[in-house]
$ cat structure_18.cif   # mmCIF, C-alpha atoms
data_work
loop_
_atom_site.label_atom_id
_atom_site.label_comp_id
_atom_site.auth_asym_id
_atom_site.auth_seq_id
_atom_site.Cartn_x
_atom_site.Cartn_y
_atom_site.Cartn_z
CA MET X 22 173.34 -79.25 275.14
CA LYS X 23 170.83 -80.12 277.83
CA LYS X 24 170.67 -83.60 279.25
CA GLY X 25 168.52 -85.84 277.10
CA SER X 26 168.04 -83.40 274.22
CA VAL X 27 169.60 -85.65 271.59
CA GLN X 28 167.70 -88.72 272.74
CA GLN X 29 164.35 -86.90 272.52
CA LYS X 30 164.91 -86.32 268.80
CA LYS X 31 165.77 -89.92 268.01
CA THR X 32 163.31 -91.86 265.89
CA PHE X 33 162.28 -95.29 267.14
CA TYR X 34 162.70 -98.12 264.64
CA PRO X 35 160.79 -101.40 264.93
CA ILE X 36 162.55 -104.72 265.31
CA SER X 37 162.47 -106.71 262.09
CA GLU X 38 161.28 -110.30 261.98
CA GLU X 39 164.77 -111.42 260.94
CA PHE X 40 166.32 -109.67 263.93
CA ARG X 41 163.68 -111.11 266.28
CA GLU X 42 164.53 -114.57 265.00
CA TYR X 43 168.22 -113.88 265.65
CA LEU X 44 167.47 -112.71 269.21
CA THR X 45 165.35 -115.79 269.86
CA ASN X 46 168.09 -118.10 268.58
CA TYR X 47 170.59 -116.50 270.95
CA LYS X 48 168.27 -116.69 273.98
CA ARG X 49 167.51 -112.97 274.15
CA SER X 50 163.72 -113.34 274.11
CA ALA X 51 161.37 -114.52 276.84
CA ASP X 52 157.70 -114.48 277.87
CA LEU X 53 157.51 -111.73 280.47
CA PRO X 54 154.78 -111.41 283.11
CA VAL X 55 154.95 -107.58 283.04
CA HIS X 56 155.32 -105.28 280.04
CA TYR X 57 156.24 -101.64 279.63
CA GLU X 58 152.63 -100.53 279.17
CA ASN X 59 151.61 -102.18 282.47
CA LEU X 60 153.98 -99.94 284.39
CA LEU X 61 152.38 -96.82 282.93
CA GLN X 62 149.11 -97.62 284.78
CA SER X 63 149.94 -95.69 287.94
CA VAL X 64 147.52 -93.66 290.04
CA ASP X 65 150.09 -91.08 291.14
CA SER X 66 153.82 -90.26 291.24
CA TYR X 67 156.20 -88.02 293.14
CA PRO X 68 159.72 -86.67 292.45
CA LEU X 69 162.63 -88.83 293.54
CA MET X 70 165.16 -86.72 295.42
CA ASN X 71 168.80 -87.60 296.07
CA ALA X 72 170.71 -87.44 299.36
CA LYS X 73 171.26 -83.69 298.85
CA ASN X 74 167.51 -83.17 298.34
CA GLU X 75 168.04 -82.44 294.65
CA ASP X 76 165.57 -83.55 291.99
CA THR X 77 166.95 -86.58 290.15
CA LEU X 78 164.49 -86.13 287.24
CA TRP X 79 163.04 -89.55 288.10
CA GLN X 80 159.45 -89.98 289.32
CA THR X 81 158.55 -92.73 291.79
CA MET X 82 155.32 -94.38 290.65
CA VAL X 83 152.35 -95.13 292.89
CA TYR X 84 149.98 -97.98 291.95
CA ASP X 85 146.58 -99.12 293.12
CA GLN X 86 147.12 -101.60 295.96
CA HIS X 87 145.69 -104.69 294.21
CA TYR X 88 147.19 -103.85 290.80
CA GLY X 89 150.52 -102.94 292.37
CA ARG X 90 150.76 -106.27 294.18
CA GLU X 91 150.26 -108.10 290.89
CA ILE X 92 152.80 -105.90 289.08
CA PHE X 93 155.40 -106.29 291.80
CA GLU X 94 155.11 -110.08 291.77
CA GLY X 95 155.69 -110.03 288.01
CA LEU X 96 158.71 -107.74 288.40
CA LYS X 97 160.24 -110.09 290.93
CA LYS X 98 159.87 -112.97 288.45
CA ILE X 99 161.56 -110.87 285.76
CA TYR X 100 164.47 -110.12 288.09
CA VAL X 101 164.86 -113.82 288.91
CA LEU X 102 164.80 -114.63 285.19
CA LEU X 103 167.45 -111.99 284.50
CA ARG X 104 169.77 -112.87 287.37
CA SER X 105 169.32 -116.56 288.16
CA GLY X 106 167.73 -118.19 285.14
CA GLY X 107 164.21 -118.18 286.59
CA ASP X 108 164.83 -120.00 289.89
CA VAL X 109 161.51 -119.26 291.68
CA ASN X 110 162.82 -120.60 294.99
CA ILE X 111 164.42 -117.24 295.74
CA LEU X 112 161.23 -115.21 295.11
CA PRO X 113 160.23 -115.16 298.83
CA ASN X 114 163.54 -113.45 299.62
CA LEU X 115 162.77 -110.45 297.42
CA TYR X 116 160.51 -107.44 297.41
CA VAL X 117 160.09 -104.45 295.06
CA ASP X 118 161.08 -101.31 296.92
CA ARG X 119 160.42 -98.73 294.16
CA VAL X 120 159.43 -98.30 290.54
CA ASP X 121 160.95 -95.09 289.16
CA TYR X 122 160.10 -93.49 285.82
CA CYS X 123 162.48 -91.29 283.82
CA THR X 124 160.85 -88.67 281.60
CA PHE X 125 163.94 -87.16 279.95
CA GLY X 126 165.45 -90.27 278.34
CA ASN X 127 164.72 -91.35 274.78
CA THR X 128 163.27 -94.68 275.92
CA LYS X 129 161.50 -93.18 278.99
CA PRO X 130 162.71 -96.12 281.08
CA PHE X 131 161.41 -97.56 284.32
CA ARG X 132 164.03 -98.43 286.93
CA ILE X 133 163.06 -101.19 289.34
CA ARG X 134 164.71 -101.37 292.77
CA ILE X 135 164.72 -104.92 294.13
CA VAL X 136 165.69 -105.64 297.75
CA ASN X 137 166.60 -108.86 299.55
CA GLN X 138 164.54 -108.71 302.71
CA TYR X 139 167.01 -110.78 304.75
CA ASN X 140 170.04 -108.55 304.33
CA ASP X 141 168.65 -105.34 302.74
CA ASN X 142 170.98 -105.69 299.77
CA HIS X 143 169.44 -104.00 296.72
CA ASP X 144 169.80 -104.23 292.96
CA TYR X 145 168.19 -102.60 289.93
CA PHE X 146 166.97 -103.46 286.48
CA TYR X 147 165.26 -101.44 283.75
CA VAL X 148 162.10 -101.83 281.70
CA LYS X 149 162.20 -99.92 278.41
CA LYS X 150 160.51 -99.57 275.05
CA ALA X 151 162.39 -101.72 272.56
CA ASP X 152 164.15 -100.00 269.67
CA ALA X 153 166.13 -101.70 266.92
CA SER X 154 169.13 -99.35 267.21
CA ARG X 155 169.42 -100.00 270.93
CA LEU X 156 169.20 -103.77 270.52
CA TYR X 157 171.90 -103.79 267.86
CA GLY X 158 173.99 -101.71 270.25
CA LEU X 159 173.47 -104.19 273.07
CA GLU X 160 174.42 -107.14 270.85
CA LEU X 161 177.56 -105.43 269.55
CA GLU X 162 178.49 -104.57 273.14
CA GLN X 163 178.19 -108.24 274.11
CA ILE X 164 180.24 -109.47 271.16
CA LEU X 165 182.93 -106.82 270.64
CA SER X 166 183.49 -105.22 274.06
CA PRO X 167 185.16 -106.71 277.16
CA ASN X 168 181.82 -106.48 278.99
CA GLU X 169 179.06 -109.02 279.53
CA ILE X 170 175.59 -107.52 279.19
CA ASN X 171 172.27 -109.17 280.00
CA PHE X 172 168.90 -108.27 278.49
CA GLN X 173 165.60 -109.88 277.49
CA LEU X 174 162.97 -108.93 274.93
CA ASP X 175 159.24 -109.65 274.76
CA GLY X 176 157.31 -107.90 272.01
CA ASP X 177 158.18 -104.23 272.35
CA THR X 178 159.31 -104.50 275.98
CA LEU X 179 163.05 -104.58 276.72
CA ILE X 180 164.49 -105.65 280.08
CA GLU X 181 168.08 -104.58 280.85
CA GLU X 182 170.29 -105.32 283.80
CA HIS X 183 171.80 -102.49 285.81
CA ILE X 184 175.42 -101.69 284.91
CA ILE X 185 177.38 -100.89 288.05
CA GLY X 186 179.76 -97.94 288.11
CA VAL X 187 180.11 -94.24 288.83
CA PRO X 188 178.28 -92.15 286.17
CA GLY X 189 180.85 -90.34 284.06
CA ASP X 190 179.64 -86.85 284.94
CA ASP X 191 179.75 -87.68 288.66
CA PHE X 192 183.21 -89.21 288.26
CA ILE X 193 184.53 -86.10 286.51
CA GLN X 194 183.07 -83.83 289.16
CA ASN X 195 183.91 -85.84 292.29
CA PHE X 196 186.83 -88.19 291.58
CA LEU X 197 189.24 -86.51 289.16
CA ASP X 198 190.92 -84.57 291.96
CA HIS X 199 191.24 -87.52 294.36
CA SER X 200 194.76 -88.14 295.62
CA ASP X 201 194.52 -91.87 294.90
CA LEU X 202 193.47 -91.39 291.27
CA ASN X 203 195.83 -93.15 288.88
CA GLU X 204 195.66 -90.57 286.11
CA VAL X 205 197.68 -92.50 283.56
CA ARG X 206 195.54 -95.64 283.89
CA LEU X 207 192.36 -93.59 283.59
CA ALA X 208 193.68 -91.77 280.52
CA LYS X 209 194.67 -95.06 278.89
CA GLU X 210 191.23 -96.54 279.53
CA PHE X 211 189.44 -93.50 278.11
CA ILE X 212 191.52 -93.72 274.91
CA LYS X 213 190.60 -97.39 274.58
CA PHE X 214 186.92 -96.64 275.28
CA ASN X 215 187.02 -93.92 272.62
CA GLU X 216 188.39 -96.49 270.18
CA ARG X 217 185.76 -99.13 271.03
CA CYS X 218 182.97 -96.64 270.39
CA PHE X 219 184.31 -95.55 267.02
CA VAL X 220 185.08 -99.02 265.67
CA ARG X 221 181.48 -100.21 266.20
CA LEU X 222 179.89 -96.73 265.70
CA LEU X 223 178.32 -96.29 269.13
CA GLY X 224 177.37 -92.64 269.43
CA ASP X 225 176.47 -90.04 272.05
CA MET X 226 178.90 -91.09 274.75
CA ARG X 227 178.53 -87.90 276.75
CA ALA X 228 179.64 -88.17 280.35
CA TYR X 229 176.20 -89.19 281.61
CA ASN X 230 175.91 -92.05 279.11
CA TYR X 231 178.78 -94.14 280.48
CA VAL X 232 180.04 -95.25 283.89
CA VAL X 233 183.52 -95.71 285.32
CA GLU X 234 184.27 -98.91 287.22
CA MET X 235 187.09 -98.66 289.76
CA THR X 236 188.80 -101.88 290.84
CA PRO X 237 191.41 -101.82 293.61
CA ASP X 238 194.63 -103.51 292.56
CA PHE X 239 197.71 -104.34 294.62
CA GLU X 240 199.30 -101.23 293.10
CA GLN X 241 196.60 -98.54 292.92
CA ASN X 242 193.26 -98.70 291.08
CA GLN X 243 192.34 -100.05 287.68
CA TYR X 244 189.55 -98.46 285.62
CA ARG X 245 187.01 -99.61 283.07
CA VAL X 246 184.77 -97.21 281.16
CA ARG X 247 181.45 -98.83 280.16
CA ALA X 248 178.68 -97.52 277.97
CA ILE X 249 175.23 -97.61 279.59
CA ASP X 250 173.16 -96.04 276.79
CA PHE X 251 172.94 -97.73 273.40
CA ASP X 252 170.18 -95.67 271.74
CA GLN X 253 172.61 -94.02 269.35
CA GLN X 254 174.10 -97.17 267.84
CA SER X 255 174.75 -96.43 264.14
CA TYR X 256 172.14 -93.68 264.08
CA GLU X 257 173.75 -90.24 263.73
CA SER X 258 175.32 -88.67 260.66
CA ARG X 259 178.55 -87.10 261.95
CA ARG X 260 181.73 -89.11 262.45
CA SER X 261 182.65 -87.02 265.50
CA PHE X 262 179.43 -88.14 267.20
CA TYR X 263 180.98 -91.61 267.55
CA LEU X 264 184.10 -90.30 269.30
CA PRO X 265 183.59 -89.49 273.02
CA GLN X 266 186.61 -87.17 272.92
CA PHE X 267 184.59 -84.54 271.05
CA PHE X 268 181.84 -84.05 273.65
CA LYS X 269 182.26 -80.94 275.75
CA ASN X 270 181.46 -82.56 279.10
CA ASN X 271 184.26 -85.11 278.52
CA LEU X 272 186.81 -82.29 278.14
CA PRO X 273 188.38 -82.68 281.63
CA VAL X 274 189.26 -86.31 280.82
CA VAL X 275 190.40 -85.40 277.31
CA ASN X 276 192.71 -82.75 278.80
CA LEU X 277 194.06 -85.42 281.15
CA CYS X 278 194.82 -87.67 278.18
CA THR X 279 196.50 -84.84 276.27
CA ARG X 280 198.65 -83.90 279.25
CA LEU X 281 199.81 -87.41 280.14
CA ILE X 282 199.79 -89.45 276.92
CA ASN X 283 201.92 -88.53 273.92
CA PRO X 284 200.67 -89.27 270.36
CA GLU X 285 202.87 -92.34 269.95
CA THR X 286 201.60 -93.94 273.15
CA SER X 287 198.02 -93.03 272.29
CA SER X 288 198.43 -94.81 268.93
CA GLN X 289 199.81 -97.82 270.79
CA TYR X 290 196.72 -97.98 273.02
CA GLN X 291 194.46 -97.67 269.99
CA ARG X 292 196.24 -100.54 268.25
CA GLU X 293 196.01 -102.65 271.42
CA GLU X 294 192.26 -102.10 271.65
CA ARG X 295 191.68 -102.86 267.98
CA THR X 296 193.64 -106.11 268.39
CA LEU X 297 191.41 -107.13 271.29
CA ILE X 298 188.24 -106.27 269.35
CA LYS X 299 189.55 -108.27 266.38
CA ARG X 300 190.07 -111.32 268.61
CA ARG X 301 186.53 -111.07 269.96
CA PHE X 302 185.24 -110.68 266.41
CA ASN X 303 187.03 -113.87 265.37
CA PHE X 304 185.75 -115.82 268.40
CA ALA X 305 182.13 -115.59 267.19
CA PRO X 306 182.13 -115.78 263.38
CA THR X 307 178.70 -117.42 263.03
CA ARG X 308 177.00 -115.02 265.40
CA ILE X 309 178.69 -112.01 263.77
CA LYS X 310 177.66 -113.20 260.32
CA LYS X 311 174.01 -113.57 261.33
CA LEU X 312 173.96 -110.22 263.13
CA ARG X 313 175.58 -108.55 260.12
CA GLU X 314 172.97 -110.03 257.78
CA CYS X 315 170.14 -108.66 259.95
CA MET X 316 171.69 -105.24 260.45
CA CYS X 317 172.67 -104.70 256.82
CA LEU X 318 169.07 -105.26 255.71
CA ASP X 319 167.51 -103.18 258.50
CA THR X 320 166.42 -99.55 258.65
CA ILE X 321 167.77 -97.89 261.81
CA SER X 322 168.42 -94.34 260.59
CA SER X 323 167.34 -91.86 257.93
CA ASP X 324 168.62 -91.63 254.36
CA GLN X 325 170.05 -88.15 255.07
CA LYS X 326 172.11 -89.43 258.00
CA ILE X 327 173.32 -92.43 256.00
CA ILE X 328 174.49 -90.22 253.13
CA ARG X 329 176.42 -87.84 255.35
CA LEU X 330 178.09 -90.54 257.46
CA ARG X 331 179.13 -92.64 254.48
CA THR X 332 180.62 -89.51 252.87
CA GLU X 333 182.64 -88.63 255.99
CA LEU X 334 183.89 -92.18 256.52
CA GLY X 335 184.65 -92.62 252.82
CA GLY X 336 186.86 -89.56 253.03
CA LEU X 337 188.52 -90.75 256.23
CA TYR X 338 189.48 -94.14 254.79
CA ASP X 339 189.74 -93.02 251.16
CA ASP X 340 187.51 -96.00 250.31
CA SER X 341 184.85 -95.63 247.62
CA ARG X 342 182.85 -98.60 248.96
CA PHE X 343 181.23 -96.35 251.54
CA SER X 344 179.40 -94.58 248.71
CA GLN X 345 177.71 -97.91 247.89
CA CYS X 346 176.37 -98.37 251.44
CA GLU X 347 172.59 -98.15 251.55
CA THR X 348 172.02 -98.85 255.26
CA MET X 349 173.66 -98.00 258.56
CA GLY X 350 174.35 -101.69 259.01
CA GLU X 351 176.48 -101.76 255.86
CA ILE X 352 178.34 -98.64 256.99
CA THR X 353 178.93 -100.13 260.44
CA PHE X 354 180.33 -103.44 259.25
CA LEU X 355 182.45 -101.84 256.55
CA ASN X 356 183.87 -99.54 259.23
CA ILE X 357 184.56 -102.54 261.48
CA ALA X 358 186.24 -104.43 258.63
CA LEU X 359 188.53 -101.51 257.74
CA ALA X 360 189.33 -100.50 261.32
CA LEU X 361 190.28 -104.06 262.24
CA ASP X 362 191.97 -104.85 258.91
CA LEU X 363 189.39 -107.56 258.17
CA LYS X 364 188.64 -106.59 254.59
CA GLU X 365 187.01 -109.94 253.83
CA GLU X 366 184.47 -109.22 256.58
CA ALA X 367 182.90 -106.26 254.81
CA PRO X 368 179.21 -106.71 253.89
CA THR X 369 179.00 -109.22 251.02
CA ARG X 370 177.52 -106.71 248.56
CA LEU X 371 180.54 -104.42 249.08
CA LEU X 372 183.37 -106.96 248.80
CA SER X 373 183.97 -106.49 245.10
#

$ encode --input "structure_18.cif" --output "structure tokens"
Amino acid sequence: MKKGSVQQKKTFYPISEEFREYLTNYKRSADLPVHYENLLQSVDSYPLMNAKNEDTLWQTMVYDQHYGREIFEGLKKIYVLLRSGGDVNILPNLYVDRVDYCTFGNTKPFRIRIVNQYNDNHDYFYVKKADASRLYGLELEQILSPNEINFQLDGDTLIEEHIIGVPGDDFIQNFLDHSDLNEVRLAKEFIKFNERCFVRLLGDMRAYNYVVEMTPDFEQNQYRVRAIDFDQQSYESRRSFYLPQFFKNNLPVVNLCTRLINPETSSQYQREERTLIKRRFNFAPTRIKKLRECMCLDTISSDQKIIRLRTELGGLYDDSRFSQCETMGEITFLNIALALDLKEEAPTRLLS
């Protein structure tokens, strides 16, 4: 399947008032000086090429001089809000080097490159169209994964921080054959990542939708696989779509896991990851309860997808409660409750 083809088919769902209230209560909303539509007002663009002179599928935007100056000042303020709580004293240190536009992604994001003029250190953040599925994905990532994630919402404009790491497809192509690769640690981490995705029903983790962080340790490297695309949170109809192991471009890593990890050890890693997710779940009961209430009432997928997914998961768990699920939120939290052995945490309507 071509890059981006699934995302192009995805339907956008608006953010409900209840979910907006939740995001405001947990400091995820802000008044932004620049919105997504403002960045569309360019006068020209040109292809962004990589170091090998290959087309990256991003377009660098060109703005009218006066309008661009105003936009860039607003983008700097957004970056300061995202990274340092809005401390305007550091604004003179920064300048906007580029605004890049991606045409193949579902959200058609803008990527902003910010540079510190005193040391040339650069950073990125993204401006996207807000979608309810994606925002639920970001919140579940914050609560249930080992990763901190920072984002802000204003109306239908979503600001996301850049997640550092080697894109999965680049890692598979360029790092799997390195002599210093710790294959067992990488295989273990991929199994745990696979488990995290399935427990919270995060879909479409093809190799280009996650990154691999490599951290030098006193005895070889450690690895962390992190999702970077949350558009397919609780959206698709097939159970296999929520398991990264079933995507063709992840096959080299799957083969690594199969070669190095026996079934008993794989089950051990799965149990370890579910235990960690369960602890995180229990650390934030009030937040989880409020998020569950919003998500269970929300529409973030089609009736056809809901029917198929609840049928597949009902068969997997041999649990008839899936047939009573009317929303993807109910399916998601029933799946979480069963996977983590937290039966009392199923959606209230399904407890009996």

$ residues_around --input "structure_18.cif" --residues "Asn356 (chain X)" --least-positions-apart "2" --cutoff "8 Å" --atoms "only C-alpha atoms" --output "compact mmCIF listing (two decimals) with C-alpha atoms, in the coordinates of the input"
# COMPACT_ATOMS: atom_id res chain seq x y z
CA VAL X 220 185.08 -99.02 265.67
CA ARG X 221 181.48 -100.21 266.20
CA LEU X 334 183.89 -92.18 256.52
CA ILE X 352 178.34 -98.64 256.99
CA THR X 353 178.93 -100.13 260.44
CA PHE X 354 180.33 -103.44 259.25
CA ALA X 358 186.24 -104.43 258.63
CA LEU X 359 188.53 -101.51 257.74
CA ALA X 360 189.33 -100.50 261.32

$ atom_distance --input "structure_18.cif" --atom1 "CA of Pro35 (chain X)" --atom2 "CA of Arg132 (chain X)"
22.4 Å

$ resolve_selection --input "structure_18.cif" --expression "the PyMOL selection byres ((chain X and resi 149) around 9)" --output "PyMOL selection string"
chain X and resi 56-57+128-132+147-148+150-152+177-181

$ axis_aligned_box --input "structure_18.cif" --around "region 110-118 of chain X" --padding-each-side "3 Å" --output "AutoDock Vina command-line options"
--center_x 162.3 --center_y -111.0 --center_z 297.3 --size_x 10.3 --size_y 25.3 --size_z 10.6

$ closest_residue --input "structure_18.cif" --among "X:Glu182, X:Asp190, X:Glu162, X:Asp85" --to "Val101 (chain X)" --atoms "all atoms listed in the file"
X:Glu182

$ resolve_selection --input "structure_18.cif" --expression "the PyMOL selection byres ((chain X and resi 213) around 9)" --output "ChimeraX atom specification"
/X:208-212,214-218,246,287,290-291,293-295

$ atom_distance --input "structure_18.cif" --atom1 "CA of Arg245 (chain X)" --atom2 "CA of Glu204 (chain X)"
12.9 Å

$ closest_residue --input "structure_18.cif" --among "X:Asp65, X:Asp76, X:Asp175, X:Asp340" --to "Thr45 (chain X)" --atoms "only C-alpha atoms"
X:Asp175

$ closest_residue --input "structure_18.cif" --among "X:Thr332, X:Ile170, X:Arg206, X:Lys364" --to "Leu281 (chain X)" --atoms "only C-alpha atoms"
X:Arg206

$ residues_around --input "structure_18.cif" --residues "Asp238 (chain X)" --least-positions-apart "3" --cutoff "12 Å" --atoms "all atoms listed in the file" --output "list in words"
Asp201, Asn203, Arg206, Met235, Gln241, Asn242, Gln243 and Tyr244 of chain X

$ residues_around --input "structure_18.cif" --residues "region 92-95 of chain X" --least-positions-apart "6" --cutoff "9 Å" --atoms "all atoms listed in the file" --output "CSV table (one decimal) with C-alpha atoms, keeping the file's coordinate frame"
chain,number,residue,atom,x,y,z
X,53,LEU,CA,157.5,-111.7,280.5
X,54,PRO,CA,154.8,-111.4,283.1
X,55,VAL,CA,155.0,-107.6,283.0
X,59,ASN,CA,151.6,-102.2,282.5
X,60,LEU,CA,154.0,-99.9,284.4
X,84,TYR,CA,150.0,-98.0,292.0
X,112,LEU,CA,161.2,-115.2,295.1
X,116,TYR,CA,160.5,-107.4,297.4
X,117,VAL,CA,160.1,-104.4,295.1

$ decode --input "structure_18.cif" --residues "region 73-100 of chain X" --atoms "N, CA and C atoms" --output "PDB file, in the first residue's frame"
ATOM      1  N   LYS X  73      20.124  13.687  -0.313  1.00  0.00           N
ATOM      2  CA  LYS X  73      20.417  12.912  -1.522  1.00  0.00           C
ATOM      3  C   LYS X  73      19.704  13.486  -2.752  1.00  0.00           C
ATOM      4  N   ASN X  74      19.145  14.685  -2.588  1.00  0.00           N
ATOM      5  CA  ASN X  74      18.397  15.349  -3.662  1.00  0.00           C
ATOM      6  C   ASN X  74      17.171  14.553  -4.087  1.00  0.00           C
ATOM      7  N   GLU X  75      16.542  13.897  -3.118  1.00  0.00           N
ATOM      8  CA  GLU X  75      15.303  13.158  -3.360  1.00  0.00           C
ATOM      9  C   GLU X  75      14.129  13.968  -2.817  1.00  0.00           C
ATOM     10  N   ASP X  76      13.007  13.892  -3.497  1.00  0.00           N
ATOM     11  CA  ASP X  76      11.813  14.616  -3.080  1.00  0.00           C
ATOM     12  C   ASP X  76      11.274  14.019  -1.786  1.00  0.00           C
ATOM     13  N   THR X  77      11.106  14.855  -0.776  1.00  0.00           N
ATOM     14  CA  THR X  77      10.611  14.387   0.521  1.00  0.00           C
ATOM     15  C   THR X  77       9.088  14.338   0.591  1.00  0.00           C
ATOM     16  N   LEU X  78       8.408  14.815  -0.451  1.00  0.00           N
ATOM     17  CA  LEU X  78       6.950  14.945  -0.501  1.00  0.00           C
ATOM     18  C   LEU X  78       6.434  16.071   0.388  1.00  0.00           C
ATOM     19  N   TRP X  79       7.338  16.906   0.894  1.00  0.00           N
ATOM     20  CA  TRP X  79       6.981  18.134   1.595  1.00  0.00           C
ATOM     21  C   TRP X  79       7.237  19.313   0.664  1.00  0.00           C
ATOM     22  N   GLN X  80       6.395  20.347   0.782  1.00  0.00           N
ATOM     23  CA  GLN X  80       6.552  21.585   0.036  1.00  0.00           C
ATOM     24  C   GLN X  80       6.905  22.708   1.006  1.00  0.00           C
ATOM     25  N   THR X  81       7.957  23.452   0.705  1.00  0.00           N
ATOM     26  CA  THR X  81       8.304  24.620   1.518  1.00  0.00           C
ATOM     27  C   THR X  81       7.491  25.815   1.037  1.00  0.00           C
ATOM     28  N   MET X  82       6.776  26.443   1.961  1.00  0.00           N
ATOM     29  CA  MET X  82       5.843  27.512   1.618  1.00  0.00           C
ATOM     30  C   MET X  82       6.560  28.865   1.535  1.00  0.00           C
ATOM     31  N   VAL X  83       6.078  29.688   0.614  1.00  0.00           N
ATOM     32  CA  VAL X  83       6.592  31.049   0.443  1.00  0.00           C
ATOM     33  C   VAL X  83       5.441  32.014   0.703  1.00  0.00           C
ATOM     34  N   TYR X  84       5.676  33.024   1.566  1.00  0.00           N
ATOM     35  CA  TYR X  84       4.627  33.965   1.938  1.00  0.00           C
ATOM     36  C   TYR X  84       5.001  35.379   1.498  1.00  0.00           C
ATOM     37  N   ASP X  85       3.988  36.192   1.309  1.00  0.00           N
ATOM     38  CA  ASP X  85       4.208  37.616   1.095  1.00  0.00           C
ATOM     39  C   ASP X  85       5.038  38.171   2.257  1.00  0.00           C
ATOM     40  N   GLN X  86       5.943  39.093   1.959  1.00  0.00           N
ATOM     41  CA  GLN X  86       6.913  39.546   2.966  1.00  0.00           C
ATOM     42  C   GLN X  86       6.243  40.078   4.227  1.00  0.00           C
ATOM     43  N   HIS X  87       5.263  40.964   4.086  1.00  0.00           N
ATOM     44  CA  HIS X  87       4.604  41.545   5.263  1.00  0.00           C
ATOM     45  C   HIS X  87       3.794  40.485   6.000  1.00  0.00           C
ATOM     46  N   TYR X  88       3.015  39.699   5.259  1.00  0.00           N
ATOM     47  CA  TYR X  88       2.182  38.662   5.876  1.00  0.00           C
ATOM     48  C   TYR X  88       3.064  37.600   6.538  1.00  0.00           C
ATOM     49  N   GLY X  89       4.150  37.228   5.844  1.00  0.00           N
ATOM     50  CA  GLY X  89       5.043  36.222   6.387  1.00  0.00           C
ATOM     51  C   GLY X  89       5.674  36.651   7.690  1.00  0.00           C
ATOM     52  N   ARG X  90       6.050  37.930   7.796  1.00  0.00           N
ATOM     53  CA  ARG X  90       6.647  38.421   9.035  1.00  0.00           C
ATOM     54  C   ARG X  90       5.669  38.273  10.195  1.00  0.00           C
ATOM     55  N   GLU X  91       4.418  38.600   9.940  1.00  0.00           N
ATOM     56  CA  GLU X  91       3.390  38.482  10.976  1.00  0.00           C
ATOM     57  C   GLU X  91       3.162  37.018  11.368  1.00  0.00           C
ATOM     58  N   ILE X  92       3.104  36.136  10.361  1.00  0.00           N
ATOM     59  CA  ILE X  92       2.905  34.711  10.622  1.00  0.00           C
ATOM     60  C   ILE X  92       4.072  34.139  11.425  1.00  0.00           C
ATOM     61  N   PHE X  93       5.282  34.502  11.030  1.00  0.00           N
ATOM     62  CA  PHE X  93       6.450  33.939  11.697  1.00  0.00           C
ATOM     63  C   PHE X  93       6.544  34.378  13.157  1.00  0.00           C
ATOM     64  N   GLU X  94       6.163  35.629  13.439  1.00  0.00           N
ATOM     65  CA  GLU X  94       6.151  36.077  14.828  1.00  0.00           C
ATOM     66  C   GLU X  94       5.151  35.261  15.649  1.00  0.00           C
ATOM     67  N   GLY X  95       3.999  34.985  15.053  1.00  0.00           N
ATOM     68  CA  GLY X  95       2.998  34.168  15.746  1.00  0.00           C
ATOM     69  C   GLY X  95       3.485  32.745  15.973  1.00  0.00           C
ATOM     70  N   LEU X  96       4.184  32.180  14.995  1.00  0.00           N
ATOM     71  CA  LEU X  96       4.708  30.822  15.136  1.00  0.00           C
ATOM     72  C   LEU X  96       5.765  30.747  16.228  1.00  0.00           C
ATOM     73  N   LYS X  97       6.567  31.775  16.347  1.00  0.00           N
ATOM     74  CA  LYS X  97       7.555  31.803  17.425  1.00  0.00           C
ATOM     75  C   LYS X  97       6.860  31.813  18.787  1.00  0.00           C
ATOM     76  N   LYS X  98       5.779  32.557  18.911  1.00  0.00           N
ATOM     77  CA  LYS X  98       5.043  32.599  20.179  1.00  0.00           C
ATOM     78  C   LYS X  98       4.434  31.237  20.501  1.00  0.00           C
ATOM     79  N   ILE X  99       3.948  30.548  19.454  1.00  0.00           N
ATOM     80  CA  ILE X  99       3.396  29.203  19.672  1.00  0.00           C
ATOM     81  C   ILE X  99       4.487  28.254  20.166  1.00  0.00           C
ATOM     82  N   TYR X 100       5.661  28.336  19.566  1.00  0.00           N
ATOM     83  CA  TYR X 100       6.767  27.465  19.982  1.00  0.00           C
ATOM     84  C   TYR X 100       7.145  27.722  21.443  1.00  0.00           C
TER      85      TYR X 100
END
